[in-house]
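Report on one structure; see the data block that follows.
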Amino acid sequence: MHLKQIFSVKLLFSVILATGLIKSSNADENNETRHVCNISGEPRRCVPHAWCKSDRNVIHFYDDQCDRDPNGIRLVCCLQSHLLVPKVDKKPKIAVDLPKDYLARKKCDDYYRPIDGLTHGEKVLKREFPFMFALGWKAKNDNATIVYKCGASFIAARYVLTAAHCFYDNDGLPSVVRAGGISLADNDVQNIEIAECIEHPDYEYPSSYNDIALVKLAEYREPASMVEPAACLPDYNGLQAHDNVIVLGYGQTSFAGIASEDLLKATLKVYPQSQCEQDYPPDELSRNLRNGISENFICAIDPENLRDTCQGDSGGPLVKVLVDRPYIFGVTSFGVGCASGMPGIYTSVAEYMPWIEKIIWPDVY
C-alpha cells in the first residue's frame with residue numbers, strides 16, 4: 001500500500017477511535033481495546049495529553065497503568081468527561097513538487113555537485129558536520145581570550161545562520177566566528193572576523209518569536225568546498241511528526257553544567273505540533289512565548305529523556321540528512337531545562353527562506 005494511503009488509514013482510524021472515546025459509558029464498557037485507569041471517582045482512560053481537555057481544577061495523573069504510546073509519548077490518565085477528539089494540525093507538512101529553479105534547491109545542487117576523481121589523489125579526512133560553526137566573544141580586557149557561547153551554521157559564501165537572541169549577550173555582539181566541525185580546542189581551526197550581525201526585523205528580545213539571524217563574515221569562504229561545504233537550506237518544511245533529526249552543539253552537557261570543547265550530536269524525534277501546543281500553551285505573563293507555539297516553530301524531543309540541547313547550544317542547527325546532504329530545518333531557540341521531559345523549541349528555517357535568500361544570495365534578486 002502507498003505510504004500516503006497508509007497514513008490516511010492510520011489518521012482515519014485514530015479519529016474514529018478518539019470519537020468513540022467520548023461516547024456513552026455503556027458503549028465504552030463493551031470496548032476492550034482501550035486501557036482503563038481507575039484512580040478514583042469517575043472512570044478515566046489512558047490517552048495522549050493532547051486528547052485530554054485542560055482544566056486547572058482537575059488533575060490528570062501520569063499513572064503507571066498508562067505507560068507510553070508506540071512513539072514514546074507518555075500517556076495521561078484522563079477523566080472520561082474530559083476526552084477530546086485529537087487535534088489534527090491545520091496545515092499538515094506534506095511534501096510537494098516545487099519548481100526546478102527554486103533557489104535553495106539550486107544552491108544545494110551547487111554545493112554538492114559531483115566532482116571528477118583525482119589521479120593518485122589522497123583520501124581526505126572527512127568531518128561529519130563541517131558546516132557547524134561557533135560564535136565567539138572576545139574578553140573585554142584580553143582580546144586573545146575568546147569565549148564561545150552560541151552555535152551557527154555555514155550556509156553561504158559569507159554567511160552563517162544562528163539565533164537572534166545570541167546577539168543580546170551580556171558581553172554584547174559576538175566578535176568572531178570559529179570555522180568548525182570537530183573541537184573548539186583545535187589549534188588548526190581559524191577564527192573569522194565578523195562584518196555584520198543581522199537579526200530578523202520582526203525579532204523583539206526576549207521573545208522567542210522570529211528568533212533567527214544571520215552573521216556576515218569578513219571574508220569569503222567556498223560553500224562548495226570538498227573539505228568544508230556549506231549546509232543546504234529547505235525549500236519547504238517537510239518534517240513529519242516522529243521523524244529522526246540531529247541537533248549539534250558545543251554547549252553544556254547538563255543543566256548549569258560544564259560546556260563541551262568537542263562538538264556533540266544527539267538524535268531526537270520531531271514532536272507532534274498539536275502536542276507541543278498543549279505543552280506550551282499561550283501565557284500572557286510569559287516573556288518569551290506569550291502566544292504559545294506557532295507554525296514558525298519545530299518541536300523535538302528524546303523519548304527517553306536522556307538527550308537534548310542545553311545552555312550554549314543556542315543558534316545551532318536541527319539537521320535532517322536527505323540523500324547524503326545535510327539540511328538545516330531548525331535553529332535552536334529555547335527549552336525548559338535540559339532533557340527535562342519537555343520538548344526543545346527550534347525556529348523553523350523554511351518559514352524564513354524569502355528573508356534569508358534575499359540577504360545571502362543578493363545577486364539573484
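Chain labels run A, B, ... following the order of the C-alpha cells; each chain numbers its residues from 1, and ligands are numbered from 1 in the order shown.
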Can you list, as a CSV table (one decimal) with N, CA, C and O atoms, in the first residue's frame, every protein, DNA or RNA residue that comes within 12 Å of Ile301 of chain A when you count only C-alpha atoms, leaving out same-chain residues fewer than 3 positions away?
chain,number,residue,atom,x,y,z
A,71,ASN,N,5.2,5.7,20.0
A,71,ASN,CA,6.2,6.7,19.6
A,71,ASN,C,6.9,7.2,20.8
A,71,ASN,O,7.7,8.2,20.7
A,72,GLY,N,6.7,6.6,22.0
A,72,GLY,CA,7.4,7.1,23.2
A,72,GLY,C,6.8,8.2,24.0
A,72,GLY,O,7.4,8.7,24.9
A,73,ILE,N,5.6,8.7,23.5
A,73,ILE,CA,5.0,9.8,24.2
A,73,ILE,C,4.2,9.2,25.4
A,73,ILE,O,3.4,8.3,25.3
A,241,ALA,N,5.9,14.5,12.1
A,241,ALA,CA,6.0,14.0,13.5
A,241,ALA,C,6.7,12.7,13.6
A,241,ALA,O,6.4,11.8,12.8
A,242,HIS,N,7.6,12.6,14.5
A,242,HIS,CA,8.4,11.4,14.9
A,242,HIS,C,9.5,11.1,13.9
A,242,HIS,O,10.2,10.1,14.0
A,243,ASP,N,9.8,12.0,13.0
A,243,ASP,CA,11.0,11.9,12.1
A,243,ASP,C,12.2,12.0,13.0
A,243,ASP,O,12.2,12.8,14.0
A,244,ASN,N,13.2,11.3,12.7
A,244,ASN,CA,14.5,11.5,13.4
A,244,ASN,C,15.2,12.7,12.8
A,244,ASN,O,15.3,12.9,11.6
A,245,VAL,N,15.8,13.5,13.8
A,245,VAL,CA,16.6,14.7,13.4
A,245,VAL,C,17.8,14.7,14.3
A,245,VAL,O,17.8,14.1,15.3
A,246,ILE,N,18.8,15.5,13.9
A,246,ILE,CA,20.1,15.6,14.6
A,246,ILE,C,20.3,17.0,15.1
A,246,ILE,O,20.0,18.0,14.3
A,247,VAL,N,20.6,17.2,16.4
A,247,VAL,CA,21.0,18.5,16.9
A,247,VAL,C,22.5,18.5,17.2
A,247,VAL,O,23.0,17.5,17.6
A,266,ALA,N,23.2,14.8,19.0
A,266,ALA,CA,22.1,14.0,19.6
A,266,ALA,C,21.0,13.8,18.6
A,266,ALA,O,20.7,14.7,17.8
A,267,THR,N,20.5,12.6,18.6
A,267,THR,CA,19.4,12.3,17.7
A,267,THR,C,18.1,12.4,18.5
A,267,THR,O,17.9,11.8,19.5
A,268,LEU,N,17.2,13.2,18.0
A,268,LEU,CA,15.9,13.5,18.6
A,268,LEU,C,14.8,13.1,17.6
A,268,LEU,O,15.0,12.8,16.5
A,269,LYS,N,13.5,13.1,18.1
A,269,LYS,CA,12.4,12.9,17.2
A,269,LYS,C,11.5,14.2,17.2
A,269,LYS,O,11.4,14.9,18.2
A,270,VAL,N,11.0,14.5,16.0
A,270,VAL,CA,10.1,15.6,15.8
A,270,VAL,C,8.9,15.4,16.7
A,270,VAL,O,8.3,14.3,16.6
A,271,TYR,N,8.5,16.3,17.5
A,271,TYR,CA,7.4,16.2,18.4
A,271,TYR,C,6.1,16.7,17.7
A,271,TYR,O,6.2,17.7,17.0
A,272,PRO,N,5.0,16.0,17.9
A,272,PRO,CA,3.8,16.4,17.2
A,272,PRO,C,3.4,17.8,17.5
A,272,PRO,O,3.4,18.2,18.7
A,273,GLN,N,3.1,18.6,16.5
A,273,GLN,CA,2.9,20.1,16.7
A,273,GLN,C,1.7,20.3,17.7
A,273,GLN,O,1.7,21.2,18.6
A,275,GLN,N,0.6,18.3,20.1
A,275,GLN,CA,1.0,18.0,21.4
A,275,GLN,C,1.9,19.1,22.0
A,275,GLN,O,1.8,19.5,23.2
A,276,CYS,N,2.8,19.7,21.2
A,276,CYS,CA,3.7,20.8,21.6
A,276,CYS,C,2.8,22.0,22.0
A,276,CYS,O,3.2,22.7,23.0
A,298,ILE,N,9.5,24.4,15.4
A,298,ILE,CA,9.6,23.0,15.3
A,298,ILE,C,9.9,22.5,16.7
A,298,ILE,O,10.8,23.0,17.4
A,304,GLU,N,13.4,9.1,25.5
A,304,GLU,CA,14.0,8.5,26.7
A,304,GLU,C,14.4,9.6,27.7
A,304,GLU,O,14.9,9.3,28.8
A,305,ASN,N,14.2,10.9,27.3
A,305,ASN,CA,14.6,12.0,28.2
A,305,ASN,C,16.0,11.9,28.6
A,305,ASN,O,16.4,12.3,29.7
A,306,LEU,N,16.9,11.5,27.7
A,306,LEU,CA,18.3,11.4,28.0
A,306,LEU,C,19.1,12.5,27.2
A,306,LEU,O,20.2,13.0,27.7
A,307,ARG,N,18.7,12.8,26.0
A,307,ARG,CA,19.4,13.7,25.1
A,307,ARG,C,18.6,15.0,24.8
A,307,ARG,O,17.4,14.9,24.7
A,308,ASP,N,19.3,16.1,24.7
A,308,ASP,CA,18.6,17.4,24.5
A,308,ASP,C,19.7,18.4,24.2
A,308,ASP,O,20.8,18.3,24.5
A,309,THR,N,19.2,19.6,23.6
A,309,THR,CA,20.1,20.7,23.5
A,309,THR,C,20.1,21.4,24.9
A,309,THR,O,19.2,21.2,25.7
A,318,LEU,N,19.3,22.2,13.8
A,318,LEU,CA,18.5,21.0,13.8
A,318,LEU,C,18.5,20.4,12.4
A,318,LEU,O,18.1,21.1,11.4
A,335,GLY,N,14.3,26.0,25.5
A,335,GLY,CA,13.7,24.8,26.1
A,335,GLY,C,13.5,25.0,27.6
A,335,GLY,O,13.8,26.1,28.1
A,336,VAL,N,13.0,24.0,28.2
A,336,VAL,CA,12.8,24.0,29.7
A,336,VAL,C,13.9,23.1,30.3
A,336,VAL,O,13.7,21.9,30.2
A,338,CYS,N,17.3,21.0,30.6
A,338,CYS,CA,17.9,20.1,29.6
A,338,CYS,C,17.5,18.7,29.8
A,338,CYS,O,17.7,18.1,30.9
A,339,ALA,N,16.9,18.1,28.8
A,339,ALA,CA,16.4,16.7,28.9
A,339,ALA,C,15.4,16.6,30.1
A,339,ALA,O,15.4,15.6,30.9
A,340,SER,N,14.5,17.6,30.2
A,340,SER,CA,13.6,17.7,31.3
A,340,SER,C,12.3,16.9,31.1
A,340,SER,O,11.5,16.8,32.0
A,341,GLY,N,12.1,16.4,29.9
A,341,GLY,CA,10.9,15.8,29.6
A,341,GLY,C,10.0,16.7,28.7
A,341,GLY,O,9.0,16.2,28.1
A,342,MET,N,10.3,18.0,28.6
A,342,MET,CA,9.6,18.9,27.7
A,342,MET,C,10.4,19.0,26.4
A,342,MET,O,11.6,19.0,26.4
A,343,PRO,N,9.7,19.2,25.3
A,343,PRO,CA,10.4,19.3,24.0
A,343,PRO,C,11.2,20.5,23.9
A,343,PRO,O,10.8,21.6,24.5
A,344,GLY,N,12.3,20.5,23.2
A,344,GLY,CA,13.0,21.7,22.8
A,344,GLY,C,12.4,22.4,21.7
A,344,GLY,O,11.7,21.8,20.9
A,345,ILE,N,12.6,23.7,21.6
A,345,ILE,CA,11.9,24.5,20.6
A,345,ILE,C,12.9,25.1,19.6
A,345,ILE,O,14.0,25.7,20.0
A,346,TYR,N,12.7,24.9,18.3
A,346,TYR,CA,13.6,25.3,17.3
A,346,TYR,C,12.8,26.2,16.3
A,346,TYR,O,11.7,25.9,15.9
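For segment 286-291 of chain A, the list of residues within 7 Å, based on only C-alpha atoms and with local chain neighbours fewer than 2 positions off taken out, reads Pro206, Ser207, Ser208, Pro282, Asp283, Glu284 and Ile293 of chain A.
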So that I have them on file, write out the residues from the current selection with N, CA, C and O atoms, as a PDB file, in the first residue's frame.
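Heads up, here's the output in part.pdb:
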ATOM      1  N   PRO A 206      13.015  39.816  24.800  1.00  0.00           N
ATOM      2  CA  PRO A 206      13.463  38.417  24.884  1.00  0.00           C
ATOM      3  C   PRO A 206      12.466  37.413  24.304  1.00  0.00           C
ATOM      4  O   PRO A 206      12.480  36.247  24.663  1.00  0.00           O
ATOM      5  N   SER A 207      11.596  37.868  23.429  1.00  0.00           N
ATOM      6  CA  SER A 207      10.619  36.965  22.826  1.00  0.00           C
ATOM      7  C   SER A 207      11.319  35.857  22.035  1.00  0.00           C
ATOM      8  O   SER A 207      12.435  36.037  21.541  1.00  0.00           O
ATOM      9  N   SER A 208      10.635  34.715  21.915  1.00  0.00           N
ATOM     10  CA  SER A 208      11.188  33.598  21.131  1.00  0.00           C
ATOM     11  C   SER A 208      10.644  33.573  19.708  1.00  0.00           C
ATOM     12  O   SER A 208      11.057  32.731  18.911  1.00  0.00           O
ATOM     13  N   PRO A 282      -0.503  29.303  25.396  1.00  0.00           N
ATOM     14  CA  PRO A 282      -0.327  30.757  25.469  1.00  0.00           C
ATOM     15  C   PRO A 282      -0.295  31.228  26.913  1.00  0.00           C
ATOM     16  O   PRO A 282      -1.025  30.707  27.767  1.00  0.00           O
ATOM     17  N   ASP A 283       0.541  32.200  27.193  1.00  0.00           N
ATOM     18  CA  ASP A 283       0.666  32.723  28.553  1.00  0.00           C
ATOM     19  C   ASP A 283       0.993  34.214  28.453  1.00  0.00           C
ATOM     20  O   ASP A 283       2.086  34.601  28.072  1.00  0.00           O
ATOM     21  N   GLU A 284       0.016  35.051  28.795  1.00  0.00           N
ATOM     22  CA  GLU A 284       0.192  36.497  28.662  1.00  0.00           C
ATOM     23  C   GLU A 284       1.306  37.033  29.551  1.00  0.00           C
ATOM     24  O   GLU A 284       1.851  38.110  29.303  1.00  0.00           O
ATOM     25  N   ILE A 293       2.817  28.134  20.977  1.00  0.00           N
ATOM     26  CA  ILE A 293       3.554  27.592  19.835  1.00  0.00           C
ATOM     27  C   ILE A 293       2.856  27.949  18.524  1.00  0.00           C
ATOM     28  O   ILE A 293       1.641  27.800  18.398  1.00  0.00           O
TER      29      ILE A 293
END
Can you pull out every residue within 10 Å of Leu103 of chain A, counting only C-alpha atoms, but drop anything in the same chain fewer than 6 positions away, and send it as a PyMOL selection string?
-> chain A and resi 109+233+235+353-354+357+361+364
Put those residues in a file: N, CA and C atoms, as a PDB file, in the first residue's frame.
ATOM      1  N   ASP A 109      22.390  21.984  -4.909  1.00  0.00           N
ATOM      2  CA  ASP A 109      22.997  21.216  -6.003  1.00  0.00           C
ATOM      3  C   ASP A 109      24.395  21.734  -6.330  1.00  0.00           C
ATOM      4  N   LEU A 233      19.675  24.449   2.671  1.00  0.00           N
ATOM      5  CA  LEU A 233      18.500  25.022   3.316  1.00  0.00           C
ATOM      6  C   LEU A 233      17.246  24.404   2.703  1.00  0.00           C
ATOM      7  N   ASP A 235      13.533  24.035   1.106  1.00  0.00           N
ATOM      8  CA  ASP A 235      12.632  24.884   0.345  1.00  0.00           C
ATOM      9  C   ASP A 235      11.184  24.726   0.812  1.00  0.00           C
ATOM     10  N   MET A 353      12.662  31.568   4.632  1.00  0.00           N
ATOM     11  CA  MET A 353      13.513  31.483   3.450  1.00  0.00           C
ATOM     12  C   MET A 353      13.477  32.730   2.557  1.00  0.00           C
ATOM     13  N   PRO A 354      12.335  33.373   2.331  1.00  0.00           N
ATOM     14  CA  PRO A 354      12.357  34.587   1.500  1.00  0.00           C
ATOM     15  C   PRO A 354      13.290  35.657   2.071  1.00  0.00           C
ATOM     16  N   GLU A 357      17.113  34.295   1.753  1.00  0.00           N
ATOM     17  CA  GLU A 357      17.642  34.263   0.381  1.00  0.00           C
ATOM     18  C   GLU A 357      18.023  35.645  -0.139  1.00  0.00           C
ATOM     19  N   TRP A 361      21.998  35.601  -0.976  1.00  0.00           N
ATOM     20  CA  TRP A 361      22.204  35.481  -2.428  1.00  0.00           C
ATOM     21  C   TRP A 361      21.660  36.736  -3.121  1.00  0.00           C
ATOM     22  N   VAL A 364      20.992  37.313  -7.023  1.00  0.00           N
ATOM     23  CA  VAL A 364      19.881  36.659  -7.724  1.00  0.00           C
ATOM     24  C   VAL A 364      18.636  37.544  -7.694  1.00  0.00           C
TER      25      VAL A 364
END
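Near Gly249 of chain A, within 7 Å and counting only C-alpha atoms, sit Gly151, Leu263, Leu264, Lys265, Asp313 and Gly316 of chain A; same-chain residues fewer than 4 positions away were not included.
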Output the selection as an mmCIF file, in the first residue's frame - all heavy atoms for each residue.
data_model
loop_
_atom_site.group_PDB
_atom_site.id
_atom_site.type_symbol
_atom_site.label_atom_id
_atom_site.label_comp_id
_atom_site.auth_asym_id
_atom_site.auth_seq_id
_atom_site.Cartn_x
_atom_site.Cartn_y
_atom_site.Cartn_z
ATOM 1 N N GLY A 151 26.003 28.486 18.809
ATOM 2 C CA GLY A 151 26.318 27.765 17.588
ATOM 3 C C GLY A 151 25.856 28.549 16.368
ATOM 4 O O GLY A 151 25.107 29.527 16.470
ATOM 5 N N LEU A 263 32.585 19.004 19.616
ATOM 6 C CA LEU A 263 31.259 19.074 19.014
ATOM 7 C C LEU A 263 30.491 17.800 19.357
ATOM 8 O O LEU A 263 30.967 16.690 19.133
ATOM 9 C CB LEU A 263 31.370 19.219 17.496
ATOM 10 C CG LEU A 263 30.042 19.269 16.736
ATOM 11 C CD1 LEU A 263 29.210 20.467 17.181
ATOM 12 C CD2 LEU A 263 30.292 19.329 15.235
ATOM 13 N N LEU A 264 29.297 17.978 19.899
ATOM 14 C CA LEU A 264 28.457 16.847 20.286
ATOM 15 C C LEU A 264 27.201 16.828 19.431
ATOM 16 O O LEU A 264 26.709 17.863 18.985
ATOM 17 C CB LEU A 264 28.082 16.950 21.767
ATOM 18 C CG LEU A 264 29.243 17.013 22.762
ATOM 19 C CD1 LEU A 264 28.712 17.152 24.186
ATOM 20 C CD2 LEU A 264 30.135 15.783 22.644
ATOM 21 N N LYS A 265 26.673 15.635 19.224
ATOM 22 C CA LYS A 265 25.426 15.489 18.481
ATOM 23 C C LYS A 265 24.464 14.614 19.264
ATOM 24 O O LYS A 265 24.863 13.789 20.094
ATOM 25 C CB LYS A 265 25.679 14.877 17.100
ATOM 26 C CG LYS A 265 26.095 13.415 17.130
ATOM 27 C CD LYS A 265 26.205 12.842 15.718
ATOM 28 C CE LYS A 265 26.601 11.360 15.758
ATOM 29 N NZ LYS A 265 26.660 10.778 14.395
ATOM 30 N N ASP A 313 24.013 25.871 23.402
ATOM 31 C CA ASP A 313 23.705 25.264 22.104
ATOM 32 C C ASP A 313 22.836 26.174 21.238
ATOM 33 O O ASP A 313 22.572 25.852 20.077
ATOM 34 C CB ASP A 313 22.997 23.921 22.293
ATOM 35 C CG ASP A 313 23.908 22.863 22.893
ATOM 36 O OD1 ASP A 313 25.109 22.899 22.597
ATOM 37 O OD2 ASP A 313 23.421 22.016 23.660
ATOM 38 N N GLY A 316 22.524 26.812 17.189
ATOM 39 C CA GLY A 316 22.981 25.645 16.450
ATOM 40 C C GLY A 316 21.869 25.043 15.607
ATOM 41 O O GLY A 316 20.702 25.407 15.735
#
Members of segment 162-324 of chain A assigned helix (DSSP H, G or I) by DSSP, as a ChimeraX atom specification | /A:164-168,273-279
For the residues in that selection, give me N, CA, C and O atoms as a compact mmCIF listing (two decimals), in the first residue's frame.
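See out36.txt below for the written result:
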# COMPACT_ATOMS: atom_id res chain seq x y z
N ALA A 164 18.66 34.85 16.87
CA ALA A 164 18.74 36.29 17.13
C ALA A 164 19.05 36.60 18.59
O ALA A 164 19.73 37.57 18.89
N HIS A 165 18.57 35.75 19.50
CA HIS A 165 18.78 36.08 20.92
C HIS A 165 20.25 35.98 21.32
O HIS A 165 20.64 36.49 22.38
N CYS A 166 21.08 35.36 20.48
CA CYS A 166 22.52 35.30 20.76
C CYS A 166 23.16 36.69 20.71
O CYS A 166 24.24 36.90 21.29
N PHE A 167 22.52 37.65 20.04
CA PHE A 167 23.07 39.00 19.93
C PHE A 167 22.82 39.83 21.19
O PHE A 167 23.25 40.99 21.25
N TYR A 168 22.11 39.26 22.15
CA TYR A 168 21.75 40.02 23.35
C TYR A 168 22.48 39.48 24.58
O TYR A 168 21.98 39.54 25.70
N GLN A 273 3.12 18.64 16.53
CA GLN A 273 2.85 20.06 16.74
C GLN A 273 1.67 20.28 17.69
O GLN A 273 1.72 21.16 18.56
N SER A 274 0.63 19.50 17.53
CA SER A 274 -0.55 19.67 18.39
C SER A 274 -0.21 19.36 19.85
O SER A 274 -0.71 20.02 20.77
N GLN A 275 0.62 18.35 20.08
CA GLN A 275 1.04 18.02 21.43
C GLN A 275 1.91 19.14 22.01
O GLN A 275 1.81 19.50 23.18
N CYS A 276 2.78 19.70 21.17
CA CYS A 276 3.67 20.78 21.61
C CYS A 276 2.84 22.01 22.00
O CYS A 276 3.17 22.72 22.97
N GLU A 277 1.78 22.27 21.26
CA GLU A 277 0.91 23.40 21.59
C GLU A 277 0.26 23.21 22.96
O GLU A 277 0.04 24.18 23.69
N GLN A 278 -0.03 21.96 23.31
CA GLN A 278 -0.60 21.67 24.62
C GLN A 278 0.45 21.87 25.72
O GLN A 278 0.15 22.37 26.80
N ASP A 279 1.69 21.47 25.45
CA ASP A 279 2.75 21.57 26.45
C ASP A 279 3.22 23.00 26.67
O ASP A 279 3.73 23.33 27.74
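For the choices A:Tyr209, A:Asp169, A:Ile356, A:Lys149, the atom-to-atom distance to Ser294 of chain A is smallest for A:Tyr209 when using only C-alpha atoms.
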Where does DSSP see strand (DSSP E) in segment 153-279 of chain A, if you list the residues as JSON, numbers by chain?
-> {"A": [153, 154, 155, 156, 159, 160, 161, 162, 176, 177, 178, 191, 192, 193, 194, 195, 196, 197, 198, 199, 213, 214, 215, 216, 217, 244, 245, 246, 247, 248, 249, 264, 265, 266, 267, 268, 269, 270]}
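With distances restricted to only C-alpha atoms, A:Ala134 is the closest residue to Val189 of chain A from A:Ala134, A:Ile360, A:Ile212, A:Ala218.
In this structure, atom CA of Val321 of chain A sits 19.3 Å away from atom CA of Phe297 of chain A.
Pairwise distance (atom CA of Val349 of chain A, atom CA of Trp137 of chain A) equals 24.9 Å.
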